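*Asks:* Next comes model_5.cif, mmCIF, N, CA and C atoms:
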data_start
loop_
_atom_site.label_atom_id
_atom_site.label_comp_id
_atom_site.auth_asym_id
_atom_site.auth_seq_id
_atom_site.Cartn_x
_atom_site.Cartn_y
_atom_site.Cartn_z
N MET A 249 26.55 -0.33 18.22
CA MET A 249 25.77 0.28 17.16
C MET A 249 26.54 0.14 15.85
N ASP A 250 25.85 -0.36 14.85
CA ASP A 250 26.50 -0.56 13.56
C ASP A 250 25.89 0.38 12.51
N ALA A 251 26.32 0.21 11.28
CA ALA A 251 25.88 1.10 10.19
C ALA A 251 24.37 1.00 9.95
N LEU A 252 23.79 -0.18 10.11
CA LEU A 252 22.34 -0.32 9.91
C LEU A 252 21.55 0.43 10.99
N ASP A 253 22.02 0.33 12.23
CA ASP A 253 21.37 1.10 13.30
C ASP A 253 21.44 2.59 13.00
N ARG A 254 22.57 3.05 12.51
CA ARG A 254 22.74 4.48 12.18
C ARG A 254 21.81 4.88 11.02
N LYS A 255 21.61 3.99 10.06
CA LYS A 255 20.68 4.27 8.96
C LYS A 255 19.25 4.38 9.50
N ILE A 256 18.90 3.50 10.41
CA ILE A 256 17.57 3.54 11.02
C ILE A 256 17.37 4.87 11.73
N LEU A 257 18.36 5.27 12.52
CA LEU A 257 18.26 6.54 13.26
C LEU A 257 18.17 7.74 12.31
N ALA A 258 18.96 7.73 11.26
CA ALA A 258 18.92 8.84 10.30
C ALA A 258 17.55 8.93 9.63
N ALA A 259 17.00 7.80 9.24
CA ALA A 259 15.69 7.79 8.57
C ALA A 259 14.59 8.28 9.51
N LEU A 260 14.62 7.83 10.75
CA LEU A 260 13.58 8.23 11.71
C LEU A 260 13.70 9.70 12.10
N GLN A 261 14.92 10.25 12.10
CA GLN A 261 15.07 11.66 12.40
C GLN A 261 14.52 12.53 11.28
N GLN A 262 14.52 12.01 10.07
CA GLN A 262 13.92 12.74 8.95
C GLN A 262 12.41 12.61 8.95
N ASP A 263 11.91 11.43 9.32
CA ASP A 263 10.47 11.19 9.32
C ASP A 263 10.15 10.15 10.39
N GLY A 264 9.74 10.62 11.55
CA GLY A 264 9.43 9.74 12.67
C GLY A 264 8.13 8.97 12.52
N ARG A 265 7.38 9.25 11.45
CA ARG A 265 6.11 8.58 11.24
C ARG A 265 6.21 7.41 10.26
N LEU A 266 7.42 7.06 9.87
CA LEU A 266 7.58 5.91 8.97
C LEU A 266 7.03 4.65 9.62
N THR A 267 6.36 3.84 8.83
CA THR A 267 5.96 2.52 9.32
C THR A 267 7.22 1.65 9.34
N VAL A 268 7.16 0.55 10.03
CA VAL A 268 8.30 -0.36 10.07
C VAL A 268 8.59 -0.88 8.66
N THR A 269 7.56 -1.10 7.88
CA THR A 269 7.75 -1.56 6.50
C THR A 269 8.49 -0.51 5.67
N GLU A 270 8.08 0.75 5.78
CA GLU A 270 8.75 1.82 5.05
C GLU A 270 10.19 1.99 5.54
N LEU A 271 10.37 1.91 6.85
CA LEU A 271 11.71 2.04 7.42
C LEU A 271 12.62 0.93 6.92
N ALA A 272 12.11 -0.29 6.93
CA ALA A 272 12.90 -1.44 6.47
C ALA A 272 13.33 -1.24 5.01
N ALA A 273 12.43 -0.76 4.18
CA ALA A 273 12.76 -0.53 2.77
C ALA A 273 13.84 0.54 2.63
N ARG A 274 13.75 1.58 3.43
CA ARG A 274 14.74 2.67 3.34
C ARG A 274 16.14 2.24 3.75
N VAL A 275 16.22 1.34 4.72
CA VAL A 275 17.54 0.96 5.23
C VAL A 275 18.04 -0.36 4.64
N GLY A 276 17.22 -1.01 3.81
CA GLY A 276 17.67 -2.22 3.14
C GLY A 276 17.60 -3.47 3.98
N LEU A 277 16.60 -3.56 4.84
CA LEU A 277 16.40 -4.76 5.67
C LEU A 277 15.01 -5.31 5.41
N SER A 278 14.81 -6.56 5.78
CA SER A 278 13.45 -7.07 5.78
C SER A 278 12.77 -6.56 7.06
N VAL A 279 11.45 -6.70 7.12
CA VAL A 279 10.68 -6.08 8.20
C VAL A 279 11.05 -6.62 9.58
N SER A 280 11.16 -7.93 9.73
CA SER A 280 11.42 -8.50 11.07
C SER A 280 12.74 -8.04 11.67
N PRO A 281 13.87 -8.13 10.97
CA PRO A 281 15.12 -7.65 11.56
C PRO A 281 15.10 -6.14 11.82
N CYS A 282 14.44 -5.39 10.95
CA CYS A 282 14.35 -3.95 11.15
C CYS A 282 13.55 -3.66 12.43
N HIS A 283 12.45 -4.39 12.60
CA HIS A 283 11.61 -4.21 13.78
C HIS A 283 12.38 -4.57 15.04
N ARG A 284 13.15 -5.65 15.02
CA ARG A 284 13.96 -6.04 16.18
C ARG A 284 14.98 -4.95 16.53
N ARG A 285 15.65 -4.43 15.52
CA ARG A 285 16.64 -3.37 15.75
C ARG A 285 15.97 -2.11 16.30
N LEU A 286 14.83 -1.77 15.75
CA LEU A 286 14.11 -0.58 16.22
C LEU A 286 13.71 -0.74 17.68
N ARG A 287 13.17 -1.86 18.05
CA ARG A 287 12.77 -2.11 19.44
C ARG A 287 13.98 -2.06 20.38
N GLU A 288 15.10 -2.60 19.93
CA GLU A 288 16.32 -2.56 20.76
C GLU A 288 16.80 -1.13 20.95
N LEU A 289 16.75 -0.32 19.89
CA LEU A 289 17.14 1.09 20.00
C LEU A 289 16.22 1.85 20.96
N GLU A 290 14.95 1.48 20.97
CA GLU A 290 14.00 2.09 21.92
C GLU A 290 14.27 1.58 23.34
N ARG A 291 14.47 0.28 23.47
CA ARG A 291 14.67 -0.33 24.79
C ARG A 291 15.94 0.17 25.47
N ASP A 292 17.02 0.34 24.70
CA ASP A 292 18.28 0.78 25.34
C ASP A 292 18.36 2.29 25.52
N GLY A 293 17.31 3.01 25.09
CA GLY A 293 17.27 4.45 25.31
C GLY A 293 17.92 5.29 24.23
N THR A 294 18.43 4.66 23.18
CA THR A 294 19.00 5.44 22.07
C THR A 294 17.90 6.29 21.45
N ILE A 295 16.74 5.68 21.22
CA ILE A 295 15.56 6.43 20.79
C ILE A 295 14.76 6.72 22.06
N ARG A 296 14.70 8.00 22.42
CA ARG A 296 14.06 8.39 23.68
C ARG A 296 12.57 8.65 23.54
N GLY A 297 12.08 8.78 22.33
CA GLY A 297 10.65 9.02 22.15
C GLY A 297 10.38 9.56 20.77
N TYR A 298 9.12 9.85 20.51
CA TYR A 298 8.67 10.38 19.23
C TYR A 298 7.80 11.60 19.53
N ARG A 299 7.88 12.61 18.65
CA ARG A 299 7.06 13.80 18.87
C ARG A 299 6.85 14.53 17.55
N ALA A 300 5.85 15.39 17.56
CA ALA A 300 5.61 16.26 16.40
C ALA A 300 6.46 17.51 16.55
N VAL A 301 7.01 18.00 15.46
CA VAL A 301 7.74 19.26 15.45
C VAL A 301 6.74 20.33 15.01
N VAL A 302 6.41 21.24 15.93
CA VAL A 302 5.35 22.23 15.71
C VAL A 302 5.97 23.57 15.35
N ASP A 303 5.39 24.25 14.39
CA ASP A 303 5.85 25.58 13.99
C ASP A 303 5.44 26.59 15.06
N ALA A 304 6.41 27.26 15.67
CA ALA A 304 6.13 28.22 16.73
C ALA A 304 5.25 29.37 16.24
N GLY A 305 5.48 29.82 15.01
CA GLY A 305 4.68 30.90 14.45
C GLY A 305 3.21 30.56 14.35
N ALA A 306 2.90 29.29 14.09
CA ALA A 306 1.50 28.86 14.00
C ALA A 306 0.80 28.99 15.35
N LEU A 307 1.58 28.98 16.43
CA LEU A 307 1.02 29.14 17.77
C LEU A 307 1.10 30.59 18.24
N GLY A 308 1.56 31.47 17.36
CA GLY A 308 1.68 32.88 17.73
C GLY A 308 2.94 33.19 18.53
N LEU A 309 3.88 32.28 18.56
CA LEU A 309 5.13 32.48 19.30
C LEU A 309 6.20 32.95 18.33
N THR A 310 6.20 34.24 18.04
CA THR A 310 7.05 34.79 16.98
C THR A 310 8.27 35.53 17.53
N PHE A 311 8.39 35.64 18.83
CA PHE A 311 9.51 36.35 19.45
C PHE A 311 10.40 35.35 20.16
N GLU A 312 11.69 35.36 19.84
CA GLU A 312 12.62 34.41 20.44
C GLU A 312 13.80 35.15 21.04
N ALA A 313 14.16 34.75 22.23
CA ALA A 313 15.32 35.34 22.90
C ALA A 313 16.20 34.24 23.46
N LEU A 314 17.50 34.48 23.41
CA LEU A 314 18.46 33.64 24.11
C LEU A 314 18.86 34.42 25.35
N VAL A 315 18.73 33.81 26.49
CA VAL A 315 18.97 34.50 27.75
C VAL A 315 20.11 33.83 28.48
N PHE A 316 21.14 34.61 28.75
CA PHE A 316 22.27 34.14 29.53
C PHE A 316 22.03 34.51 30.98
N VAL A 317 22.19 33.54 31.88
CA VAL A 317 21.91 33.74 33.29
C VAL A 317 23.20 33.59 34.09
N THR A 318 23.48 34.61 34.89
CA THR A 318 24.60 34.54 35.82
C THR A 318 24.00 34.42 37.23
N MET A 319 24.46 33.43 37.95
CA MET A 319 23.92 33.17 39.28
C MET A 319 24.65 33.99 40.35
N ARG A 320 23.92 34.35 41.37
CA ARG A 320 24.47 35.07 42.52
C ARG A 320 25.35 34.13 43.34
N GLN A 321 24.89 32.92 43.49
CA GLN A 321 25.64 31.89 44.21
C GLN A 321 25.45 30.57 43.48
N GLU A 322 26.40 29.67 43.64
CA GLU A 322 26.37 28.43 42.88
C GLU A 322 26.42 27.19 43.76
N ASP A 323 25.83 27.28 44.94
CA ASP A 323 25.77 26.09 45.78
C ASP A 323 24.71 25.14 45.24
N ARG A 324 24.83 23.91 45.58
CA ARG A 324 23.96 22.85 45.05
C ARG A 324 22.49 23.16 45.25
N GLU A 325 22.12 23.58 46.42
CA GLU A 325 20.72 23.86 46.73
C GLU A 325 20.15 24.95 45.82
N THR A 326 20.91 26.01 45.61
CA THR A 326 20.45 27.12 44.76
C THR A 326 20.32 26.67 43.32
N LEU A 327 21.30 25.93 42.82
CA LEU A 327 21.25 25.47 41.44
C LEU A 327 20.08 24.53 41.21
N LEU A 328 19.85 23.63 42.13
CA LEU A 328 18.72 22.70 41.99
C LEU A 328 17.39 23.44 42.04
N ALA A 329 17.28 24.44 42.91
CA ALA A 329 16.05 25.24 42.99
C ALA A 329 15.84 26.03 41.71
N PHE A 330 16.91 26.61 41.18
CA PHE A 330 16.82 27.36 39.92
C PHE A 330 16.36 26.43 38.79
N GLU A 331 16.99 25.28 38.67
CA GLU A 331 16.67 24.35 37.59
C GLU A 331 15.24 23.83 37.69
N ALA A 332 14.78 23.56 38.90
CA ALA A 332 13.40 23.12 39.08
C ALA A 332 12.42 24.23 38.70
N ALA A 333 12.74 25.46 39.07
CA ALA A 333 11.86 26.58 38.74
C ALA A 333 11.83 26.83 37.23
N VAL A 334 12.98 26.74 36.58
CA VAL A 334 13.05 26.94 35.12
C VAL A 334 12.22 25.88 34.41
N ALA A 335 12.24 24.67 34.89
CA ALA A 335 11.48 23.58 34.27
C ALA A 335 9.97 23.86 34.30
N ASP A 336 9.52 24.73 35.20
CA ASP A 336 8.10 25.05 35.31
C ASP A 336 7.68 26.27 34.50
N VAL A 337 8.61 26.88 33.76
CA VAL A 337 8.29 28.07 32.95
C VAL A 337 8.07 27.59 31.51
N PRO A 338 6.82 27.58 31.03
CA PRO A 338 6.54 27.01 29.71
C PRO A 338 7.21 27.75 28.55
N GLU A 339 7.49 29.01 28.71
CA GLU A 339 8.13 29.77 27.63
C GLU A 339 9.59 29.39 27.44
N VAL A 340 10.18 28.75 28.42
CA VAL A 340 11.56 28.27 28.30
C VAL A 340 11.51 26.94 27.57
N VAL A 341 11.93 26.95 26.31
CA VAL A 341 11.85 25.74 25.50
C VAL A 341 13.16 24.95 25.50
N GLN A 342 14.21 25.57 26.03
CA GLN A 342 15.50 24.89 26.15
C GLN A 342 16.30 25.61 27.23
N ALA A 343 16.99 24.86 28.04
CA ALA A 343 17.85 25.45 29.08
C ALA A 343 19.06 24.55 29.26
N GLN A 344 20.22 25.16 29.36
CA GLN A 344 21.46 24.42 29.50
C GLN A 344 22.34 25.07 30.56
N ARG A 345 22.96 24.24 31.38
CA ARG A 345 23.95 24.74 32.33
C ARG A 345 25.30 24.75 31.62
N LEU A 346 26.04 25.82 31.80
CA LEU A 346 27.29 26.01 31.08
C LEU A 346 28.47 25.98 32.04
N PHE A 347 29.66 25.70 31.50
CA PHE A 347 30.90 25.89 32.24
C PHE A 347 31.25 27.36 32.14
N GLY A 348 31.83 27.92 33.18
CA GLY A 348 32.28 29.30 33.12
C GLY A 348 31.16 30.29 33.33
N ASP A 349 31.35 31.48 32.77
CA ASP A 349 30.38 32.56 32.94
C ASP A 349 29.83 32.93 31.57
N PRO A 350 28.56 32.95 31.36
CA PRO A 350 27.46 32.82 32.31
C PRO A 350 27.22 31.36 32.72
N ASP A 351 26.31 31.21 33.66
CA ASP A 351 26.07 29.89 34.23
C ASP A 351 25.06 29.06 33.44
N TYR A 352 24.08 29.74 32.83
CA TYR A 352 23.02 29.05 32.10
C TYR A 352 22.71 29.79 30.80
N LEU A 353 22.19 29.05 29.84
CA LEU A 353 21.65 29.61 28.61
C LEU A 353 20.24 29.05 28.45
N MET A 354 19.29 29.96 28.23
CA MET A 354 17.90 29.55 28.02
C MET A 354 17.42 30.07 26.67
N ARG A 355 16.64 29.27 25.98
CA ARG A 355 15.97 29.70 24.75
C ARG A 355 14.51 29.89 25.11
N ILE A 356 14.01 31.08 24.82
CA ILE A 356 12.67 31.46 25.26
C ILE A 356 11.84 31.91 24.06
N LEU A 357 10.59 31.45 24.00
CA LEU A 357 9.66 31.86 22.95
C LEU A 357 8.45 32.54 23.60
N THR A 358 8.08 33.72 23.07
CA THR A 358 6.88 34.42 23.50
C THR A 358 6.18 34.98 22.27
N ALA A 359 5.03 35.59 22.48
CA ALA A 359 4.27 36.16 21.37
C ALA A 359 4.93 37.41 20.81
N ASP A 360 5.50 38.22 21.68
CA ASP A 360 6.07 39.49 21.22
C ASP A 360 7.00 40.05 22.30
N LEU A 361 7.57 41.21 22.01
CA LEU A 361 8.51 41.84 22.94
C LEU A 361 7.84 42.17 24.28
N ALA A 362 6.61 42.66 24.24
CA ALA A 362 5.91 43.00 25.48
C ALA A 362 5.72 41.76 26.36
N ALA A 363 5.38 40.63 25.75
CA ALA A 363 5.21 39.39 26.52
C ALA A 363 6.54 38.94 27.10
N TYR A 364 7.61 39.10 26.33
CA TYR A 364 8.92 38.74 26.84
C TYR A 364 9.31 39.65 28.01
N GLN A 365 9.05 40.95 27.88
CA GLN A 365 9.39 41.88 28.95
C GLN A 365 8.66 41.51 30.25
N ARG A 366 7.37 41.18 30.15
CA ARG A 366 6.61 40.76 31.34
C ARG A 366 7.20 39.49 31.94
N LEU A 367 7.57 38.55 31.07
CA LEU A 367 8.16 37.30 31.56
C LEU A 367 9.47 37.57 32.28
N GLU A 368 10.32 38.40 31.70
CA GLU A 368 11.60 38.69 32.34
C GLU A 368 11.40 39.43 33.66
N ASP A 369 10.55 40.44 33.66
CA ASP A 369 10.32 41.24 34.87
C ASP A 369 9.65 40.45 35.98
N ASP A 370 8.65 39.64 35.63
CA ASP A 370 7.82 38.98 36.65
C ASP A 370 8.27 37.58 37.02
N VAL A 371 8.94 36.88 36.09
CA VAL A 371 9.25 35.47 36.33
C VAL A 371 10.76 35.21 36.35
N LEU A 372 11.43 35.54 35.25
CA LEU A 372 12.84 35.17 35.12
C LEU A 372 13.72 35.84 36.16
N SER A 373 13.50 37.13 36.41
CA SER A 373 14.34 37.85 37.38
C SER A 373 14.10 37.36 38.80
N ALA A 374 12.96 36.69 39.02
CA ALA A 374 12.64 36.20 40.36
C ALA A 374 13.04 34.74 40.58
N LEU A 375 13.66 34.12 39.59
CA LEU A 375 14.09 32.73 39.75
C LEU A 375 15.16 32.66 40.85
N PRO A 376 15.20 31.55 41.58
CA PRO A 376 16.15 31.41 42.69
C PRO A 376 17.60 31.62 42.26
N GLY A 377 18.30 32.50 42.97
CA GLY A 377 19.74 32.68 42.79
C GLY A 377 20.18 33.54 41.63
N VAL A 378 19.26 34.12 40.87
CA VAL A 378 19.65 34.89 39.68
C VAL A 378 20.28 36.23 40.08
N ARG A 379 21.46 36.48 39.55
CA ARG A 379 22.11 37.78 39.74
C ARG A 379 21.89 38.67 38.53
N ARG A 380 22.05 38.07 37.33
CA ARG A 380 21.94 38.89 36.12
C ARG A 380 21.38 38.08 34.96
N LEU A 381 20.53 38.73 34.17
CA LEU A 381 20.01 38.17 32.93
C LEU A 381 20.52 39.03 31.78
N ASN A 382 21.03 38.38 30.75
CA ASN A 382 21.50 39.10 29.57
C ASN A 382 20.81 38.48 28.36
N SER A 383 19.96 39.24 27.71
CA SER A 383 19.15 38.71 26.61
C SER A 383 19.71 39.12 25.26
N THR A 384 19.68 38.17 24.35
CA THR A 384 20.02 38.41 22.95
C THR A 384 18.81 37.99 22.13
N LEU A 385 18.36 38.88 21.25
CA LEU A 385 17.17 38.58 20.46
C LEU A 385 17.57 37.85 19.18
N VAL A 386 16.78 36.86 18.82
CA VAL A 386 17.06 36.07 17.63
C VAL A 386 16.47 36.79 16.42
N MET A 387 17.31 37.08 15.45
CA MET A 387 16.87 37.73 14.22
C MET A 387 16.29 36.70 13.25
N LYS A 388 16.99 35.57 13.13
CA LYS A 388 16.60 34.58 12.14
C LYS A 388 17.18 33.23 12.54
N ARG A 389 16.41 32.19 12.37
CA ARG A 389 16.92 30.83 12.60
C ARG A 389 17.52 30.33 11.30
N VAL A 390 18.74 29.93 11.35
CA VAL A 390 19.43 29.46 10.15
C VAL A 390 19.36 27.94 10.07
N VAL A 391 19.60 27.26 11.18
CA VAL A 391 19.48 25.82 11.27
C VAL A 391 18.64 25.53 12.51
N GLU A 392 17.61 24.73 12.35
CA GLU A 392 16.79 24.40 13.51
C GLU A 392 16.25 22.99 13.41
N ASP A 393 16.05 22.39 14.56
CA ASP A 393 15.47 21.05 14.67
C ASP A 393 16.14 20.04 13.76
N ARG A 394 17.43 20.15 13.62
CA ARG A 394 18.21 19.19 12.82
C ARG A 394 18.40 17.93 13.64
N GLY A 395 18.28 16.80 12.98
CA GLY A 395 18.55 15.55 13.66
C GLY A 395 20.04 15.43 13.96
N LEU A 396 20.37 14.52 14.85
CA LEU A 396 21.77 14.28 15.21
C LEU A 396 22.49 13.59 14.06
N PRO A 397 23.78 13.84 13.90
CA PRO A 397 24.52 13.12 12.86
C PRO A 397 24.53 11.62 13.18
N ALA A 398 24.12 10.84 12.23
CA ALA A 398 24.05 9.38 12.49
C ALA A 398 25.05 8.64 11.70
#
Starting from the coordinates I provided, produce the structure as C-alpha cells.
*Replies:*
Amino acid sequence: MDALDRKILAALQQDGRLTVTELAARVGLSVSPCHRRLRELERDGTIRGYRAVVDAGALGLTFEALVFVTMRQEDRETLLAFEAAVADVPEVVQAQRLFGDPDYLMRILTADLAAYQRLEDDVLSALPGVRRLNSTLVMKRVVEDRGLPA
C-alpha cells in the first residue's frame, strides 16, 4: 500500500458515494489508474464494503449503554455459543472480546431506559455462560463513526 492508496481510502471514508471520476480528482490520478487501484483495494479486502451511516436518533434509538460481560466459564463451546447468540441480538451494534476481566464489551442501542431494562432482563442475562453484566450509560458521544487513519 502506497500513499495514493491511502489517499483513496481517506477520501472514501469521508464520502463513500464519490464517483470514480470525483475520487480520481481528489487524489490526483486519472480515472483509469484510480479505478484499477480502487478495484484492487476491494479485491484484496482492504475495502470490505460500503454502507450508509444512519442517525440512531432518527430511528428512535436514543438510549445507549456500554455493557461489560463477565463469563461464568470460558471454554470454547461456551464462548462460541455466547458469540453466536450476541450476533442475533439486533440492539447489540458492536461487541468485542477482551483480554482480562471483563470478557466482553457490547455497545447497545435502545429507544429508552425501559427498553434497555427489558433487553437486559429478558435477553442479555440469559445469554450462554453469562455470570455478570455491568452497564455504563453513555451521556454523550464525543467522537463517532470516524474513519481509520489512512
*Asks:* In Å to one decimal, how far is atom CA of A:Asp393 from atom CA of A:Leu372?
*Replies:*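 Atom CA of A:Asp393 lies 25.0 Å from atom CA of A:Leu372.
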*Asks:* For atom N of A:Met354 and atom C of A:Val340, quote the distance in Å rounded to one decimal.
*Replies:*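 Interatomic distance here is 8.4 Å.
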*Asks:* Can you tell me how far atom CA of A:Thr310 sits from atom CA of A:Gly395, in Å to one decimal?
*Replies:*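 Atom-to-atom, atom CA of A:Thr310 to atom CA of A:Gly395, that is 22.7 Å.
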*Asks:* In terms of the shortest atom-to-atom distance over only C-alpha atoms, which of A:Gln321, A:Leu327, A:Val315, A:Arg284 is closest to A:Gln342?
*Replies:*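 Once distances to A:Gln342 are computed over only C-alpha atoms, the minimum belongs to A:Val315.
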*Asks:* Taking only C-alpha atoms into account, name the residue in A:Leu396, A:Tyr352, A:Val337, A:Asp253 that is nearest to A:Glu368.
*Replies:*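 Answer, going by the shortest atom-to-atom distance: A:Val337.
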*Asks:* For A:Ile356, work out the shell of residues within 5 Å, counting all atoms listed in the file and skipping chain neighbours fewer than 5 positions away, then give it as JSON, numbers by chain.
*Replies:* {"A": [312, 313, 339, 340, 341]}
*Asks:* With distances taken over all atoms listed in the file, which of A:Phe311, A:Val378, A:Tyr298, A:Leu328 is nearest to A:Leu361?
*Replies:*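 That would be A:Phe311, the residue with the smallest distance to A:Leu361.
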*Asks:* Between A:Val334, A:Leu257, A:Leu286, A:Leu309, which one has atoms that come closest to A:Asp360, using only N, CA and C atoms?
*Replies:*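 Answer, going by the shortest atom-to-atom distance: A:Leu309.
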*Asks:* Got a sec to resolve the PyMOL selection byres ((chain A and resi 348-350) around 6.5) on this structure and send the residues as a ChimeraX atom specification?
*Replies:* /A:316-319,346-347,351-353
*Asks:* Write down as a PyMOL selection string the residues belonging to chain A that are assigned alpha helix (DSSP H) by DSSP computed on the backbone.
*Replies:* chain A and resi 251-262+268-275+279-291+324-335+361-370
*Asks:* List the residues matched by the PyMOL selection byres ((chain A and resi 375) around 7) in the displayed structure as a ChimeraX atom specification, ordered by chain and then by residue number.
*Replies:* /A:329-330,333-334,370-374,376-378
*Asks:* Keeping N, CA and C atoms, export the residues of the selection given above as a PDB file, keeping the file's coordinate frame.
*Replies:*
ATOM      1  N   ALA A 329      17.280  24.440  42.910  1.00  0.00           N
ATOM      2  CA  ALA A 329      16.050  25.240  42.990  1.00  0.00           C
ATOM      3  C   ALA A 329      15.840  26.030  41.710  1.00  0.00           C
ATOM      4  N   PHE A 330      16.910  26.610  41.180  1.00  0.00           N
ATOM      5  CA  PHE A 330      16.820  27.360  39.920  1.00  0.00           C
ATOM      6  C   PHE A 330      16.360  26.430  38.790  1.00  0.00           C
ATOM      7  N   ALA A 333      12.740  25.460  39.070  1.00  0.00           N
ATOM      8  CA  ALA A 333      11.860  26.580  38.740  1.00  0.00           C
ATOM      9  C   ALA A 333      11.830  26.830  37.230  1.00  0.00           C
ATOM     10  N   VAL A 334      12.980  26.740  36.580  1.00  0.00           N
ATOM     11  CA  VAL A 334      13.050  26.940  35.120  1.00  0.00           C
ATOM     12  C   VAL A 334      12.220  25.880  34.410  1.00  0.00           C
ATOM     13  N   ASP A 370       8.650  39.640  35.630  1.00  0.00           N
ATOM     14  CA  ASP A 370       7.820  38.980  36.650  1.00  0.00           C
ATOM     15  C   ASP A 370       8.270  37.580  37.020  1.00  0.00           C
ATOM     16  N   VAL A 371       8.940  36.880  36.090  1.00  0.00           N
ATOM     17  CA  VAL A 371       9.250  35.470  36.330  1.00  0.00           C
ATOM     18  C   VAL A 371      10.760  35.210  36.350  1.00  0.00           C
ATOM     19  N   LEU A 372      11.430  35.540  35.250  1.00  0.00           N
ATOM     20  CA  LEU A 372      12.840  35.170  35.120  1.00  0.00           C
ATOM     21  C   LEU A 372      13.720  35.840  36.160  1.00  0.00           C
ATOM     22  N   SER A 373      13.500  37.130  36.410  1.00  0.00           N
ATOM     23  CA  SER A 373      14.340  37.850  37.380  1.00  0.00           C
ATOM     24  C   SER A 373      14.100  37.360  38.800  1.00  0.00           C
ATOM     25  N   ALA A 374      12.960  36.690  39.020  1.00  0.00           N
ATOM     26  CA  ALA A 374      12.640  36.200  40.360  1.00  0.00           C
ATOM     27  C   ALA A 374      13.040  34.740  40.580  1.00  0.00           C
ATOM     28  N   PRO A 376      15.200  31.550  41.580  1.00  0.00           N
ATOM     29  CA  PRO A 376      16.150  31.410  42.690  1.00  0.00           C
ATOM     30  C   PRO A 376      17.600  31.620  42.260  1.00  0.00           C
ATOM     31  N   GLY A 377      18.300  32.500  42.970  1.00  0.00           N
ATOM     32  CA  GLY A 377      19.740  32.680  42.790  1.00  0.00           C
ATOM     33  C   GLY A 377      20.180  33.540  41.630  1.00  0.00           C
ATOM     34  N   VAL A 378      19.260  34.120  40.870  1.00  0.00           N
ATOM     35  CA  VAL A 378      19.650  34.890  39.680  1.00  0.00           C
ATOM     36  C   VAL A 378      20.280  36.230  40.080  1.00  0.00           C
TER      37      VAL A 378
END
*Asks:* If you run DSSP over the backbone, which residues in chain A end up strand (DSSP E or B)? Put them as a PyMOL selection string.
*Replies:* chain A and resi 311-319+340-345+352-358+378-385
*Asks:* Please provide as a PyMOL selection string all residues within 8 Å of stretch 261-276 of chain A, with the sequence filter that same-chain residues fewer than 5 positions apart are discarded (counting all atoms listed in the file).
*Replies:* chain A and resi 252+255-256+281-283+298-299+394-396
*Asks:* Kindly save the residues from that selection, with N, CA and C atoms included, as a CSV table (one decimal), in the frame of the given file.
*Replies:*
chain,number,residue,atom,x,y,z
A,252,LEU,N,23.8,-0.2,10.1
A,252,LEU,CA,22.3,-0.3,9.9
A,252,LEU,C,21.6,0.4,11.0
A,255,LYS,N,21.6,4.0,10.1
A,255,LYS,CA,20.7,4.3,9.0
A,255,LYS,C,19.2,4.4,9.5
A,256,ILE,N,18.9,3.5,10.4
A,256,ILE,CA,17.6,3.5,11.0
A,256,ILE,C,17.4,4.9,11.7
A,281,PRO,N,13.9,-8.1,11.0
A,281,PRO,CA,15.1,-7.6,11.6
A,281,PRO,C,15.1,-6.1,11.8
A,282,CYS,N,14.4,-5.4,11.0
A,282,CYS,CA,14.4,-4.0,11.2
A,282,CYS,C,13.6,-3.7,12.4
A,283,HIS,N,12.4,-4.4,12.6
A,283,HIS,CA,11.6,-4.2,13.8
A,283,HIS,C,12.4,-4.6,15.0
A,298,TYR,N,9.1,9.8,20.5
A,298,TYR,CA,8.7,10.4,19.2
A,298,TYR,C,7.8,11.6,19.5
A,299,ARG,N,7.9,12.6,18.6
A,299,ARG,CA,7.1,13.8,18.9
A,299,ARG,C,6.8,14.5,17.6
A,394,ARG,N,17.4,20.2,13.6
A,394,ARG,CA,18.2,19.2,12.8
A,394,ARG,C,18.4,17.9,13.6
A,395,GLY,N,18.3,16.8,13.0
A,395,GLY,CA,18.6,15.6,13.7
A,395,GLY,C,20.0,15.4,14.0
A,396,LEU,N,20.4,14.5,14.8
A,396,LEU,CA,21.8,14.3,15.2
A,396,LEU,C,22.5,13.6,14.1
*Asks:* Hey, which of A:Arg355, A:Arg296, A:Arg389, A:Arg379 ends up closest to A:Leu314? Count all atoms listed in the file.
*Replies:*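 With all atoms listed in the file as the atom set, the closest residue is A:Arg355.
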*Asks:* Please complete stretch 261-267 of chain A so it has N, CA, C and O atoms, and hand it over as a short mmCIF file (atom, residue, chain, number, x, y, z; two decimals), in the coordinates of the input.
*Replies:*
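Below is the file that was written, result16.cif:
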data_model
loop_
_atom_site.label_atom_id
_atom_site.label_comp_id
_atom_site.auth_asym_id
_atom_site.auth_seq_id
_atom_site.Cartn_x
_atom_site.Cartn_y
_atom_site.Cartn_z
N GLN A 261 14.92 10.25 12.10
CA GLN A 261 15.07 11.66 12.40
C GLN A 261 14.52 12.53 11.28
O GLN A 261 14.07 13.65 11.52
N GLN A 262 14.52 12.01 10.07
CA GLN A 262 13.92 12.74 8.95
C GLN A 262 12.41 12.61 8.95
O GLN A 262 11.70 13.54 8.61
N ASP A 263 11.91 11.43 9.32
CA ASP A 263 10.47 11.19 9.32
C ASP A 263 10.15 10.15 10.39
O ASP A 263 10.25 8.94 10.15
N GLY A 264 9.74 10.62 11.55
CA GLY A 264 9.43 9.74 12.67
C GLY A 264 8.13 8.97 12.52
O GLY A 264 7.80 8.14 13.35
N ARG A 265 7.38 9.25 11.45
CA ARG A 265 6.11 8.58 11.24
C ARG A 265 6.21 7.41 10.26
O ARG A 265 5.20 6.84 9.87
N LEU A 266 7.42 7.06 9.87
CA LEU A 266 7.58 5.91 8.97
C LEU A 266 7.03 4.65 9.62
O LEU A 266 7.22 4.40 10.80
N THR A 267 6.36 3.84 8.83
CA THR A 267 5.96 2.52 9.32
C THR A 267 7.22 1.65 9.34
O THR A 267 8.23 1.98 8.69
#
